[in-house]
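A.B. asks: Here you go, one structure.
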Amino acid sequence: MKLILILTSAILLSACQKLPAPVCTGTAIVGGQETSVNIYGIRKVVNQTEYKAGPPFNWQWVNKSAFTHTTCDK
């Protein structure tokens with residue numbers, strides 16, 4: 001019984017992790033609608049800029065061209 005309680009507590013607490021602070025924001029067209037997206041990282045790959053984007057991009061690296069506007073300096 002204690003083991004189940006400990007495992008359940010660990011699972012619930014892991015869902016409460018804090019997200020890192022976004023470094024900038026961007027605007028993307030998703031489903032025909034302008035959507036504000038938090039950007040959590042910036043990298044250059046073969047002379048192309050990619051952003052680590054939160055929802056709706058699920059924290060994936062996305063090409064800069066997916067955004068119509070960003071507040072990123074790089």
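Starting from 1 in every chain, residues are counted up; chains themselves are A, B, ... following the order of the structure tokens, and ligands are numbered from 1 as listed.
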Would you give me, as a list of chain:residue names, the residues in range 30-73 of chain A that DSSP reads as strand (DSSP E)?

C.D. replies: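 Checking each residue of range 30-73 of chain A, the strand (DSSP E) ones are A:Val30, A:Gln33, A:Glu34, A:Thr35, A:Ser36, A:Val37, A:Asn38, A:Ile39, A:Tyr40, A:Gly41, A:Ile42, A:Arg43, A:Lys44, A:Val45, A:Gln48, A:Thr49, A:Glu50, A:Tyr51, A:Lys52, A:Ala53, A:Gln60, A:Trp61, A:Val62, A:Asn63, A:Phe67, A:Thr68, A:His69, A:Thr70.
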
A.B. asks: Could you turn the residues from that selection into a file that holds N, CA and C atoms, as an mmCIF file, in the first residue's frame?

C.D. replies:
data_model
loop_
_atom_site.group_PDB
_atom_site.id
_atom_site.type_symbol
_atom_site.label_atom_id
_atom_site.label_comp_id
_atom_site.auth_asym_id
_atom_site.auth_seq_id
_atom_site.Cartn_x
_atom_site.Cartn_y
_atom_site.Cartn_z
ATOM 1 N N VAL A 30 -1.580 28.890 -37.581
ATOM 2 C CA VAL A 30 -1.893 27.492 -37.286
ATOM 3 C C VAL A 30 -3.381 27.286 -37.524
ATOM 4 N N GLN A 33 -5.367 30.432 -38.373
ATOM 5 C CA GLN A 33 -5.500 31.471 -37.353
ATOM 6 C C GLN A 33 -4.121 31.905 -36.866
ATOM 7 N N GLU A 34 -3.970 33.196 -36.598
ATOM 8 C CA GLU A 34 -2.729 33.673 -35.980
ATOM 9 C C GLU A 34 -2.678 33.166 -34.542
ATOM 10 N N THR A 35 -1.548 32.584 -34.177
ATOM 11 C CA THR A 35 -1.389 32.011 -32.851
ATOM 12 C C THR A 35 -0.088 32.511 -32.235
ATOM 13 N N SER A 36 -0.154 32.952 -30.988
ATOM 14 C CA SER A 36 1.041 33.360 -30.261
ATOM 15 C C SER A 36 1.712 32.119 -29.699
ATOM 16 N N VAL A 37 3.031 32.028 -29.892
ATOM 17 C CA VAL A 37 3.784 30.843 -29.484
ATOM 18 C C VAL A 37 4.985 31.283 -28.656
ATOM 19 N N ASN A 38 5.169 30.667 -27.495
ATOM 20 C CA ASN A 38 6.370 30.916 -26.699
ATOM 21 C C ASN A 38 7.540 30.165 -27.321
ATOM 22 N N ILE A 39 8.701 30.814 -27.350
ATOM 23 C CA ILE A 39 9.913 30.222 -27.908
ATOM 24 C C ILE A 39 10.908 30.060 -26.766
ATOM 25 N N TYR A 40 11.424 28.830 -26.607
ATOM 26 C CA TYR A 40 12.268 28.489 -25.466
ATOM 27 C C TYR A 40 13.741 28.326 -25.810
ATOM 28 N N GLY A 41 14.093 28.395 -27.074
ATOM 29 C CA GLY A 41 15.487 28.268 -27.460
ATOM 30 C C GLY A 41 15.678 28.679 -28.907
ATOM 31 N N ILE A 42 16.915 29.058 -29.241
ATOM 32 C CA ILE A 42 17.262 29.479 -30.600
ATOM 33 C C ILE A 42 18.551 28.770 -30.985
ATOM 34 N N ARG A 43 18.581 28.224 -32.200
ATOM 35 C CA ARG A 43 19.820 27.613 -32.686
ATOM 36 C C ARG A 43 19.943 27.825 -34.185
ATOM 37 N N LYS A 44 21.190 27.769 -34.655
ATOM 38 C CA LYS A 44 21.480 27.856 -36.087
ATOM 39 C C LYS A 44 21.933 26.482 -36.556
ATOM 40 N N VAL A 45 21.312 25.983 -37.626
ATOM 41 C CA VAL A 45 21.686 24.708 -38.226
ATOM 42 C C VAL A 45 21.859 24.949 -39.719
ATOM 43 N N GLN A 48 20.523 28.111 -41.098
ATOM 44 C CA GLN A 48 19.092 28.330 -40.900
ATOM 45 C C GLN A 48 18.824 28.458 -39.409
ATOM 46 N N THR A 49 17.964 29.394 -39.050
ATOM 47 C CA THR A 49 17.609 29.600 -37.654
ATOM 48 C C THR A 49 16.412 28.728 -37.305
ATOM 49 N N GLU A 50 16.506 28.050 -36.165
ATOM 50 C CA GLU A 50 15.403 27.244 -35.667
ATOM 51 C C GLU A 50 15.057 27.692 -34.250
ATOM 52 N N TYR A 51 13.773 27.617 -33.931
ATOM 53 C CA TYR A 51 13.290 27.983 -32.609
ATOM 54 C C TYR A 51 12.707 26.751 -31.929
ATOM 55 N N LYS A 52 13.002 26.589 -30.641
ATOM 56 C CA LYS A 52 12.353 25.534 -29.864
ATOM 57 C C LYS A 52 11.036 26.117 -29.362
ATOM 58 N N ALA A 53 9.956 25.692 -30.005
ATOM 59 C CA ALA A 53 8.657 26.313 -29.794
ATOM 60 C C ALA A 53 7.753 25.449 -28.921
ATOM 61 N N GLN A 60 9.170 21.330 -30.105
ATOM 62 C CA GLN A 60 10.019 20.828 -31.184
ATOM 63 C C GLN A 60 10.822 21.988 -31.765
ATOM 64 N N TRP A 61 11.937 21.669 -32.430
ATOM 65 C CA TRP A 61 12.701 22.683 -33.149
ATOM 66 C C TRP A 61 11.979 22.958 -34.463
ATOM 67 N N VAL A 62 11.642 24.226 -34.684
ATOM 68 C CA VAL A 62 10.845 24.641 -35.838
ATOM 69 C C VAL A 62 11.625 25.701 -36.608
ATOM 70 N N ASN A 63 11.619 25.616 -37.926
ATOM 71 C CA ASN A 63 12.308 26.594 -38.754
ATOM 72 C C ASN A 63 11.712 27.980 -38.562
ATOM 73 N N PHE A 67 7.194 31.159 -38.677
ATOM 74 C CA PHE A 67 6.661 32.297 -37.923
ATOM 75 C C PHE A 67 6.540 33.522 -38.820
ATOM 76 N N THR A 68 5.455 34.244 -38.652
ATOM 77 C CA THR A 68 5.271 35.486 -39.401
ATOM 78 C C THR A 68 5.976 36.660 -38.715
ATOM 79 N N HIS A 69 6.178 36.539 -37.394
ATOM 80 C CA HIS A 69 6.811 37.605 -36.613
ATOM 81 C C HIS A 69 7.346 36.988 -35.329
ATOM 82 N N THR A 70 8.502 37.455 -34.847
ATOM 83 C CA THR A 70 9.016 37.058 -33.536
ATOM 84 C C THR A 70 9.596 38.266 -32.825
#
